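Next comes upload32.pdb, a file with PDB, C-alpha atoms and all ligand atoms.
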ATOM      1  CA  MET D  48       3.845 -12.268 -11.133  1.00  0.00           C
ATOM      2  CA  SER D  49       7.568 -12.816 -10.682  1.00  0.00           C
ATOM      3  CA  PHE D  50       8.699  -9.991  -8.462  1.00  0.00           C
ATOM      4  CA  GLN D  51      10.760 -10.549  -5.340  1.00  0.00           C
ATOM      5  CA  GLU D  52       9.285 -10.249  -1.857  1.00  0.00           C
ATOM      6  CA  PRO D  53      11.649  -9.637   1.071  1.00  0.00           C
ATOM      7  CA  HIS D  54      12.719 -12.764   2.929  1.00  0.00           C
ATOM      8  CA  ARG D  55      11.106 -13.390   6.343  1.00  0.00           C
ATOM      9  CA  ASP D  56      14.458 -12.621   7.995  1.00  0.00           C
ATOM     10  CA  CYS D  57      15.393  -9.706   5.752  1.00  0.00           C
ATOM     11  CA  ASP D  58      18.034  -7.622   7.523  1.00  0.00           C
ATOM     12  CA  ARG D  59      18.290  -4.580   5.264  1.00  0.00           C
ATOM     13  CA  CYS D  60      16.973  -2.327   8.057  1.00  0.00           C
ATOM     14  CA  PRO D  61      18.621  -3.049  11.430  1.00  0.00           C
ATOM     15  CA  ARG D  62      16.081  -0.958  13.382  1.00  0.00           C
ATOM     16  CA  LEU D  63      13.071  -2.701  11.799  1.00  0.00           C
ATOM     17  CA  ARG D  64      14.688  -6.126  12.091  1.00  0.00           C
ATOM     18  CA  ASN D  65      15.310  -5.595  15.840  1.00  0.00           C
ATOM     19  CA  PHE D  66      11.797  -4.269  16.299  1.00  0.00           C
ATOM     20  CA  LEU D  67      10.346  -7.385  14.658  1.00  0.00           C
ATOM     21  CA  LEU D  68      12.552  -9.662  16.768  1.00  0.00           C
ATOM     22  CA  GLU D  69      11.243  -7.954  19.921  1.00  0.00           C
ATOM     23  CA  LYS D  70       7.659  -8.293  18.700  1.00  0.00           C
ATOM     24  CA  ARG D  71       8.161 -12.011  17.961  1.00  0.00           C
ATOM     25  CA  LYS D  72       8.826 -12.465  21.692  1.00  0.00           C
ATOM     26  CA  GLU D  73       6.146 -10.058  22.875  1.00  0.00           C
ATOM     27  CA  LEU D  74       3.382 -10.999  20.436  1.00  0.00           C
ATOM     28  CA  PRO D  75       4.168 -14.556  19.274  1.00  0.00           C
ATOM     29  CA  SER D  76       0.813 -15.039  17.531  1.00  0.00           C
ATOM     30  CA  TYR D  77       1.489 -12.090  15.192  1.00  0.00           C
ATOM     31  CA  HIS D  78       3.003 -12.356  11.697  1.00  0.00           C
ATOM     32  CA  ASN D  79       6.002 -10.155  12.738  1.00  0.00           C
ATOM     33  CA  ALA D  80       7.822 -10.323   9.389  1.00  0.00           C
ATOM     34  CA  PRO D  81       7.787  -8.478   6.071  1.00  0.00           C
ATOM     35  CA  VAL D  82       4.173  -8.468   4.848  1.00  0.00           C
ATOM     36  CA  PRO D  83       3.884  -9.798   1.293  1.00  0.00           C
ATOM     37  CA  SER D  84       1.761  -8.111  -1.352  1.00  0.00           C
ATOM     38  CA  PHE D  85      -1.808  -9.321  -1.743  1.00  0.00           C
ATOM     39  CA  GLY D  86      -4.051  -9.507  -4.748  1.00  0.00           C
ATOM     40  CA  ASP D  87      -4.378 -10.277  -8.413  1.00  0.00           C
ATOM     41  CA  PRO D  88      -1.181 -11.208 -10.300  1.00  0.00           C
ATOM     42  CA  LYS D  89      -2.808  -9.674 -13.406  1.00  0.00           C
ATOM     43  CA  ALA D  90      -3.671  -6.451 -11.607  1.00  0.00           C
ATOM     44  CA  LYS D  91      -4.566  -3.321 -13.549  1.00  0.00           C
ATOM     45  CA  LEU D  92      -4.438  -1.344 -10.321  1.00  0.00           C
ATOM     46  CA  LEU D  93      -1.437  -1.397  -7.988  1.00  0.00           C
ATOM     47  CA  ILE D  94      -2.121   0.180  -4.593  1.00  0.00           C
ATOM     48  CA  VAL D  95       0.907   1.283  -2.581  1.00  0.00           C
ATOM     49  CA  GLY D  96       0.435   1.864   1.148  1.00  0.00           C
ATOM     50  CA  LEU D  97       2.977   3.138   3.641  1.00  0.00           C
ATOM     51  CA  ALA D  98       3.928   0.219   5.899  1.00  0.00           C
ATOM     52  CA  PRO D  99       2.138  -2.526   7.858  1.00  0.00           C
ATOM     53  CA  GLY D 100       0.178  -1.359  10.896  1.00  0.00           C
ATOM     54  CA  MET D 101       1.229  -3.031  14.155  1.00  0.00           C
ATOM     55  CA  HIS D 102      -2.122  -4.620  14.954  1.00  0.00           C
ATOM     56  CA  GLY D 103      -3.385  -4.816  11.367  1.00  0.00           C
ATOM     57  CA  ALA D 104      -1.092  -6.153   8.639  1.00  0.00           C
ATOM     58  CA  ASN D 105       1.696  -7.003  11.085  1.00  0.00           C
ATOM     59  CA  GLN D 106      -0.722  -9.194  12.998  1.00  0.00           C
ATOM     60  CA  THR D 107      -2.575 -10.815  10.123  1.00  0.00           C
ATOM     61  CA  GLY D 108       0.203 -10.956   7.515  1.00  0.00           C
ATOM     62  CA  ARG D 109      -1.931  -9.312   4.805  1.00  0.00           C
ATOM     63  CA  PRO D 110      -1.631  -5.641   3.811  1.00  0.00           C
ATOM     64  CA  PHE D 111      -4.229  -3.365   5.431  1.00  0.00           C
ATOM     65  CA  THR D 112      -5.992  -6.321   7.035  1.00  0.00           C
ATOM     66  CA  GLY D 113      -7.343  -5.920  10.550  1.00  0.00           C
ATOM     67  CA  ASP D 114      -7.222  -2.193  11.126  1.00  0.00           C
ATOM     68  CA  TRP D 115      -9.120   1.011  10.488  1.00  0.00           C
ATOM     69  CA  ALA D 116      -7.262   1.885   7.298  1.00  0.00           C
ATOM     70  CA  GLY D 117      -8.126  -1.539   5.918  1.00  0.00           C
ATOM     71  CA  ASP D 118     -11.831  -1.179   6.714  1.00  0.00           C
ATOM     72  CA  LEU D 119     -11.905   1.908   4.507  1.00  0.00           C
ATOM     73  CA  LEU D 120      -9.631   0.560   1.783  1.00  0.00           C
ATOM     74  CA  TYR D 121     -11.342  -2.807   1.357  1.00  0.00           C
ATOM     75  CA  ALA D 122     -14.792  -1.146   1.420  1.00  0.00           C
ATOM     76  CA  ALA D 123     -13.666   1.113  -1.451  1.00  0.00           C
ATOM     77  CA  LEU D 124     -12.247  -1.862  -3.349  1.00  0.00           C
ATOM     78  CA  GLU D 125     -15.557  -3.665  -2.940  1.00  0.00           C
ATOM     79  CA  GLU D 126     -17.583  -0.620  -3.990  1.00  0.00           C
ATOM     80  CA  TYR D 127     -15.573  -0.271  -7.201  1.00  0.00           C
ATOM     81  CA  GLY D 128     -15.616  -3.938  -8.174  1.00  0.00           C
ATOM     82  CA  PHE D 129     -12.120  -5.055  -7.196  1.00  0.00           C
ATOM     83  CA  THR D 130     -13.115  -7.829  -4.768  1.00  0.00           C
ATOM     84  CA  ASN D 131     -14.545 -11.321  -4.758  1.00  0.00           C
ATOM     85  CA  GLY D 132     -15.927 -12.421  -1.410  1.00  0.00           C
ATOM     86  CA  THR D 133     -16.295 -10.368   1.721  1.00  0.00           C
ATOM     87  CA  TYR D 134     -13.562  -8.631   3.676  1.00  0.00           C
ATOM     88  CA  GLY D 135     -13.544 -10.019   7.213  1.00  0.00           C
ATOM     89  CA  GLY D 136     -10.431  -8.411   8.709  1.00  0.00           C
ATOM     90  CA  THR D 137      -8.381 -11.620   8.789  1.00  0.00           C
ATOM     91  CA  ALA D 138      -6.073 -13.226   6.245  1.00  0.00           C
ATOM     92  CA  ASP D 139      -8.305 -16.332   6.095  1.00  0.00           C
ATOM     93  CA  ASP D 140     -11.549 -14.481   5.308  1.00  0.00           C
ATOM     94  CA  GLY D 141     -11.562 -15.955   1.793  1.00  0.00           C
ATOM     95  CA  LEU D 142     -11.391 -12.541   0.111  1.00  0.00           C
ATOM     96  CA  THR D 143      -9.627 -12.321  -3.243  1.00  0.00           C
ATOM     97  CA  LEU D 144      -8.912  -9.244  -5.315  1.00  0.00           C
ATOM     98  CA  ASP D 145      -9.989  -8.900  -8.914  1.00  0.00           C
ATOM     99  CA  GLY D 146      -7.773  -6.573 -10.933  1.00  0.00           C
ATOM    100  CA  ALA D 147      -5.992  -5.028  -7.950  1.00  0.00           C
ATOM    101  CA  LEU D 148      -2.835  -5.758  -5.985  1.00  0.00           C
ATOM    102  CA  ILE D 149      -1.917  -4.143  -2.658  1.00  0.00           C
ATOM    103  CA  THR D 150       1.617  -3.594  -1.441  1.00  0.00           C
ATOM    104  CA  ASN D 151       3.493  -1.259   0.905  1.00  0.00           C
ATOM    105  CA  ALA D 152       6.417   1.102   0.310  1.00  0.00           C
ATOM    106  CA  VAL D 153       8.043  -0.383   3.429  1.00  0.00           C
ATOM    107  CA  ARG D 154       7.248  -4.048   4.054  1.00  0.00           C
ATOM    108  CA  CYS D 155       7.984  -4.265   7.807  1.00  0.00           C
ATOM    109  CA  VAL D 156       6.080  -2.576  10.612  1.00  0.00           C
ATOM    110  CA  PRO D 157       8.006   0.498  11.799  1.00  0.00           C
ATOM    111  CA  PRO D 158       7.970   1.881  15.356  1.00  0.00           C
ATOM    112  CA  GLN D 159       5.242   4.557  15.667  1.00  0.00           C
ATOM    113  CA  ASN D 160       4.197   3.832  12.086  1.00  0.00           C
ATOM    114  CA  LYS D 161       7.100   5.960  10.867  1.00  0.00           C
ATOM    115  CA  PRO D 162       9.763   4.477   8.627  1.00  0.00           C
ATOM    116  CA  VAL D 163      12.907   6.614   8.327  1.00  0.00           C
ATOM    117  CA  GLY D 164      14.370   7.653   4.965  1.00  0.00           C
ATOM    118  CA  ALA D 165      17.063   4.962   5.003  1.00  0.00           C
ATOM    119  CA  GLU D 166      14.391   2.276   5.532  1.00  0.00           C
ATOM    120  CA  CYS D 167      12.315   3.586   2.646  1.00  0.00           C
ATOM    121  CA  ALA D 168      15.435   3.525   0.473  1.00  0.00           C
ATOM    122  CA  ALA D 169      16.438   0.030   1.611  1.00  0.00           C
ATOM    123  CA  CYS D 170      13.003  -1.398   0.817  1.00  0.00           C
ATOM    124  CA  ARG D 171      12.572   0.505  -2.470  1.00  0.00           C
ATOM    125  CA  PRO D 172      14.197  -2.105  -4.761  1.00  0.00           C
ATOM    126  CA  PHE D 173      11.277  -4.438  -3.964  1.00  0.00           C
ATOM    127  CA  LEU D 174       8.838  -1.811  -5.174  1.00  0.00           C
ATOM    128  CA  THR D 175      10.900  -1.079  -8.282  1.00  0.00           C
ATOM    129  CA  ASP D 176      11.038  -4.765  -9.113  1.00  0.00           C
ATOM    130  CA  GLN D 177       7.308  -5.092  -8.594  1.00  0.00           C
ATOM    131  CA  ILE D 178       6.397  -2.111 -10.772  1.00  0.00           C
ATOM    132  CA  GLU D 179       8.704  -3.350 -13.521  1.00  0.00           C
ATOM    133  CA  SER D 180       7.334  -6.906 -13.341  1.00  0.00           C
ATOM    134  CA  LEU D 181       3.627  -6.103 -13.368  1.00  0.00           C
ATOM    135  CA  ASN D 182       2.995  -5.497 -17.044  1.00  0.00           C
ATOM    136  CA  THR D 183      -0.804  -5.413 -16.793  1.00  0.00           C
ATOM    137  CA  VAL D 184      -0.917  -2.363 -14.495  1.00  0.00           C
ATOM    138  CA  LYS D 185      -2.614   0.767 -15.870  1.00  0.00           C
ATOM    139  CA  ALA D 186      -2.916   2.728 -12.640  1.00  0.00           C
ATOM    140  CA  ILE D 187      -0.792   3.017  -9.519  1.00  0.00           C
ATOM    141  CA  LEU D 188      -2.581   4.497  -6.524  1.00  0.00           C
ATOM    142  CA  CYS D 189      -0.364   5.767  -3.714  1.00  0.00           C
ATOM    143  CA  LEU D 190      -1.824   6.229  -0.266  1.00  0.00           C
ATOM    144  CA  GLY D 191      -0.109   9.154   1.449  1.00  0.00           C
ATOM    145  CA  LYS D 192       2.904  11.299   0.603  1.00  0.00           C
ATOM    146  CA  ILE D 193       5.560   8.839   1.798  1.00  0.00           C
ATOM    147  CA  SER D 194       4.105   6.143  -0.425  1.00  0.00           C
ATOM    148  CA  HIS D 195       3.830   8.576  -3.330  1.00  0.00           C
ATOM    149  CA  ASP D 196       7.411   9.839  -2.993  1.00  0.00           C
ATOM    150  CA  ASN D 197       8.770   6.311  -2.687  1.00  0.00           C
ATOM    151  CA  THR D 198       6.865   5.165  -5.733  1.00  0.00           C
ATOM    152  CA  VAL D 199       8.092   8.105  -7.818  1.00  0.00           C
ATOM    153  CA  ARG D 200      11.666   7.342  -6.729  1.00  0.00           C
ATOM    154  CA  ALA D 201      11.165   3.612  -7.307  1.00  0.00           C
ATOM    155  CA  MET D 202      10.335   4.432 -10.932  1.00  0.00           C
ATOM    156  CA  GLY D 203      13.486   6.561 -11.227  1.00  0.00           C
ATOM    157  CA  LEU D 204      11.486   9.777 -11.666  1.00  0.00           C
ATOM    158  CA  LYS D 205      12.062  13.230 -10.182  1.00  0.00           C
ATOM    159  CA  LEU D 206       9.851  14.240  -7.267  1.00  0.00           C
ATOM    160  CA  SER D 207       9.807  17.849  -8.493  1.00  0.00           C
ATOM    161  CA  ALA D 208       8.136  16.723 -11.717  1.00  0.00           C
ATOM    162  CA  TYR D 209       5.644  14.426  -9.941  1.00  0.00           C
ATOM    163  CA  PRO D 210       4.522  16.245  -6.776  1.00  0.00           C
ATOM    164  CA  PHE D 211       2.132  14.667  -4.283  1.00  0.00           C
ATOM    165  CA  GLY D 212      -1.394  15.964  -3.842  1.00  0.00           C
ATOM    166  CA  HIS D 213      -4.704  14.435  -2.862  1.00  0.00           C
ATOM    167  CA  HIS D 214      -6.489  13.215  -5.997  1.00  0.00           C
ATOM    168  CA  LYS D 215      -3.559  14.317  -8.140  1.00  0.00           C
ATOM    169  CA  ILE D 216      -3.024  12.374 -11.356  1.00  0.00           C
ATOM    170  CA  HIS D 217       0.255  12.146 -13.259  1.00  0.00           C
ATOM    171  CA  GLU D 218       0.660  10.611 -16.680  1.00  0.00           C
ATOM    172  CA  LEU D 219       3.427   7.999 -16.895  1.00  0.00           C
ATOM    173  CA  GLN D 220       4.995   6.129 -19.806  1.00  0.00           C
ATOM    174  CA  ASP D 221       2.962   3.575 -21.762  1.00  0.00           C
ATOM    175  CA  SER D 222      -0.405   5.202 -20.883  1.00  0.00           C
ATOM    176  CA  LYS D 223       0.006   4.374 -17.218  1.00  0.00           C
ATOM    177  CA  ARG D 224      -1.220   6.796 -14.582  1.00  0.00           C
ATOM    178  CA  LEU D 225      -0.049   7.620 -11.089  1.00  0.00           C
ATOM    179  CA  TYR D 226      -2.885   8.539  -8.707  1.00  0.00           C
ATOM    180  CA  SER D 227      -2.395   9.763  -5.166  1.00  0.00           C
ATOM    181  CA  SER D 228      -4.658  10.079  -2.170  1.00  0.00           C
ATOM    182  CA  TYR D 229      -4.295  11.140   1.407  1.00  0.00           C
ATOM    183  CA  HIS D 230      -3.669   7.982   3.418  1.00  0.00           C
ATOM    184  CA  CYS D 231      -6.865   6.318   4.678  1.00  0.00           C
ATOM    185  CA  SER D 232      -5.548   6.274   8.258  1.00  0.00           C
ATOM    186  CA  ARG D 233      -7.717   6.677  11.329  1.00  0.00           C
ATOM    187  CA  TYR D 234      -6.018  10.025  12.027  1.00  0.00           C
ATOM    188  CA  ASN D 235      -6.774  11.414   8.558  1.00  0.00           C
ATOM    189  CA  THR D 236     -10.381  10.267   8.623  1.00  0.00           C
ATOM    190  CA  ASN D 237     -11.005  11.402  12.229  1.00  0.00           C
ATOM    191  CA  THR D 238      -9.667  14.865  11.421  1.00  0.00           C
ATOM    192  CA  LYS D 239     -11.669  14.889   8.150  1.00  0.00           C
ATOM    193  CA  ARG D 240      -8.540  15.501   6.124  1.00  0.00           C
ATOM    194  CA  LEU D 241      -9.824  12.512   4.173  1.00  0.00           C
ATOM    195  CA  THR D 242     -13.525  11.703   4.007  1.00  0.00           C
ATOM    196  CA  GLU D 243     -15.003   8.537   2.602  1.00  0.00           C
ATOM    197  CA  GLU D 244     -16.459  10.640  -0.217  1.00  0.00           C
ATOM    198  CA  MET D 245     -13.032  12.066  -1.122  1.00  0.00           C
ATOM    199  CA  PHE D 246     -11.511   8.585  -1.081  1.00  0.00           C
ATOM    200  CA  TYR D 247     -14.276   7.056  -3.179  1.00  0.00           C
ATOM    201  CA  LYS D 248     -13.953   9.825  -5.776  1.00  0.00           C
ATOM    202  CA  VAL D 249     -10.340   8.789  -6.374  1.00  0.00           C
ATOM    203  CA  PHE D 250     -11.431   5.174  -6.795  1.00  0.00           C
ATOM    204  CA  ALA D 251     -14.222   6.207  -9.154  1.00  0.00           C
ATOM    205  CA  ASP D 252     -11.656   7.948 -11.388  1.00  0.00           C
ATOM    206  CA  VAL D 253      -9.277   5.004 -11.233  1.00  0.00           C
ATOM    207  CA  ARG D 254     -12.058   2.589 -12.173  1.00  0.00           C
ATOM    208  CA  LYS D 255     -13.125   4.773 -15.110  1.00  0.00           C
ATOM    209  CA  TYR D 256      -9.560   4.986 -16.392  1.00  0.00           C
ATOM    210  CA  ILE D 257      -8.907   1.278 -16.032  1.00  0.00           C
ATOM    211  CA  ASP D 258     -12.100   0.449 -17.923  1.00  0.00           C
ATOM    212  CA  SER D 259     -11.462   2.989 -20.706  1.00  0.00           C
TER     213      SER D 259
HETATM  214  N1  LIG D 301      -1.694  -1.228   6.725  1.00  0.00           N
HETATM  215  C1  LIG D 301      -0.873  -1.391   5.666  1.00  0.00           C
HETATM  216  O1  LIG D 301      -0.586  -2.507   5.240  1.00  0.00           O
HETATM  217  N2  LIG D 301      -0.365  -0.302   5.100  1.00  0.00           N
HETATM  218  C2  LIG D 301      -0.644   0.927   5.506  1.00  0.00           C
HETATM  219  O2  LIG D 301      -0.156   1.882   4.905  1.00  0.00           O
HETATM  220  C3  LIG D 301      -1.509   1.061   6.603  1.00  0.00           C
HETATM  221  C4  LIG D 301      -2.025  -0.020   7.182  1.00  0.00           C
END

Starting from the file, give its structure as structure tokens.
Amino acid sequence: MSFQEPHRDCDRCPRLRNFLLEKRKELPSYHNAPVPSFGDPKAKLLIVGLAPGMHGANQTGRPFTGDWAGDLLYAALEEYGFTNGTYGGTADDGLTLDGALITNAVRCVPPQNKPVGAECAACRPFLTDQIESLNTVKAILCLGKISHDNTVRAMGLKLSAYPFGHHKIHELQDSKRLYSSYHCSRYNTNTKRLTEEMFYKVFADVRKYIDS
């Protein structure tokens, strides 16, 4: 795995950089820096989230770790055989991923969980580099439309040819597939836009494809 992660003091996005500097003063025990990818360097599945949650990944320093979205995501990963150990909601829970790698379209926590377009664009080269470097990946699973659109752009593809939809599957070059799901956020699950069943069905398909 030889892709680049943003530097702790990355300053590509002035708004996010200032936000992190404020949070370093306010919440000194938090990670408060770009959150590096987590998982298996020989991943067959690359999962792309949106951006670190303030009290989840931005606190613990591991994608999706310590918040609602992570409870659902790591449970699905366990159910479909992508974990070793037990998810405990902290970066030192001893969990490792088997065949999966988790990253985010935007690596720094954004105010109100909403990165702006310029921030997505500024962070995109990291995603491009990662996708190009991971030569074992068979499936990319994007969580939410922003993640999906960023991933399509990161691969240099046209959004009109690869539209987002829940449980939509697009064929890519070299027998790779792009899967998308509604984001496993608390809001989406509380409003039943995404149920656990819907989420697990996507994972079931991904698992089947990876093993085929
Ligand atoms: N935590 C992450 O790391 N990414 C998300 O998209 C949501 C929560």

For this session: I would like the residues chosen by the PyMOL selection byres (((chain D and resi 151-158) around 9) and not hetatm) on the shown file; could you give them as a PyMOL selection string?
Result: chain D and resi 52-53+62-64+66-67+79-84+94-101+104-105+110+149-150+159-163+166-171+173-174+193-195+197-198

Selection dump of the PyMOL selection byres (((chain D and resi 125-131) around 6) and not hetatm), as an mmCIF file with C-alpha atoms, keeping the file's coordinate frame:
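Output file selection-v8.cif follows:
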data_model
loop_
_atom_site.group_PDB
_atom_site.id
_atom_site.type_symbol
_atom_site.label_atom_id
_atom_site.label_comp_id
_atom_site.auth_asym_id
_atom_site.auth_seq_id
_atom_site.Cartn_x
_atom_site.Cartn_y
_atom_site.Cartn_z
ATOM 1 C CA ALA D 122 -14.792 -1.146 1.420
ATOM 2 C CA ALA D 123 -13.666 1.113 -1.451
ATOM 3 C CA LEU D 124 -12.247 -1.862 -3.349
ATOM 4 C CA GLY D 132 -15.927 -12.421 -1.410
ATOM 5 C CA LEU D 142 -11.391 -12.541 0.111
ATOM 6 C CA THR D 143 -9.627 -12.321 -3.243
ATOM 7 C CA LEU D 144 -8.912 -9.244 -5.315
ATOM 8 C CA ASP D 145 -9.989 -8.900 -8.914
ATOM 9 C CA GLY D 146 -7.773 -6.573 -10.933
#

Taking all atoms of ligand LIG 301 (chain D) that the file lists and extending 3 Å past them on each side, where is the centre of the axis-aligned box and how long are its edges? Answer in Å to one decimal, as AutoDock Vina command-line options.
--center_x -1.1 --center_y -0.3 --center_z 6.0 --size_x 7.9 --size_y 10.4 --size_z 8.3

Exercise. For the file shown, what are the residues hit by the PyMOL selection byres (((chain D and resi 232) around 12) and not hetatm), laid out as number ranges by chain?
Worked result: D: 96-100, 103, 111, 114-120, 160, 190-191, 228-231, 233-243, 246

Problem set entry | Interatomic distance, CA of Asp56 in chain D to CA of Gly108 in chain D (Å, one decimal) | 14.4 Å

Seminar exercise, completed: Counting all atoms listed in the file, the residue among D:His54, D:Arg200, D:Arg109, D:Lys223 that lies closest to ligand LIG 301 (chain D) is D:Arg109

For this session: Work out how far apart CA of Phe50 in chain D and CA of Ser180 in chain D are and give it in Å to one decimal.
Result: 5.9 Å
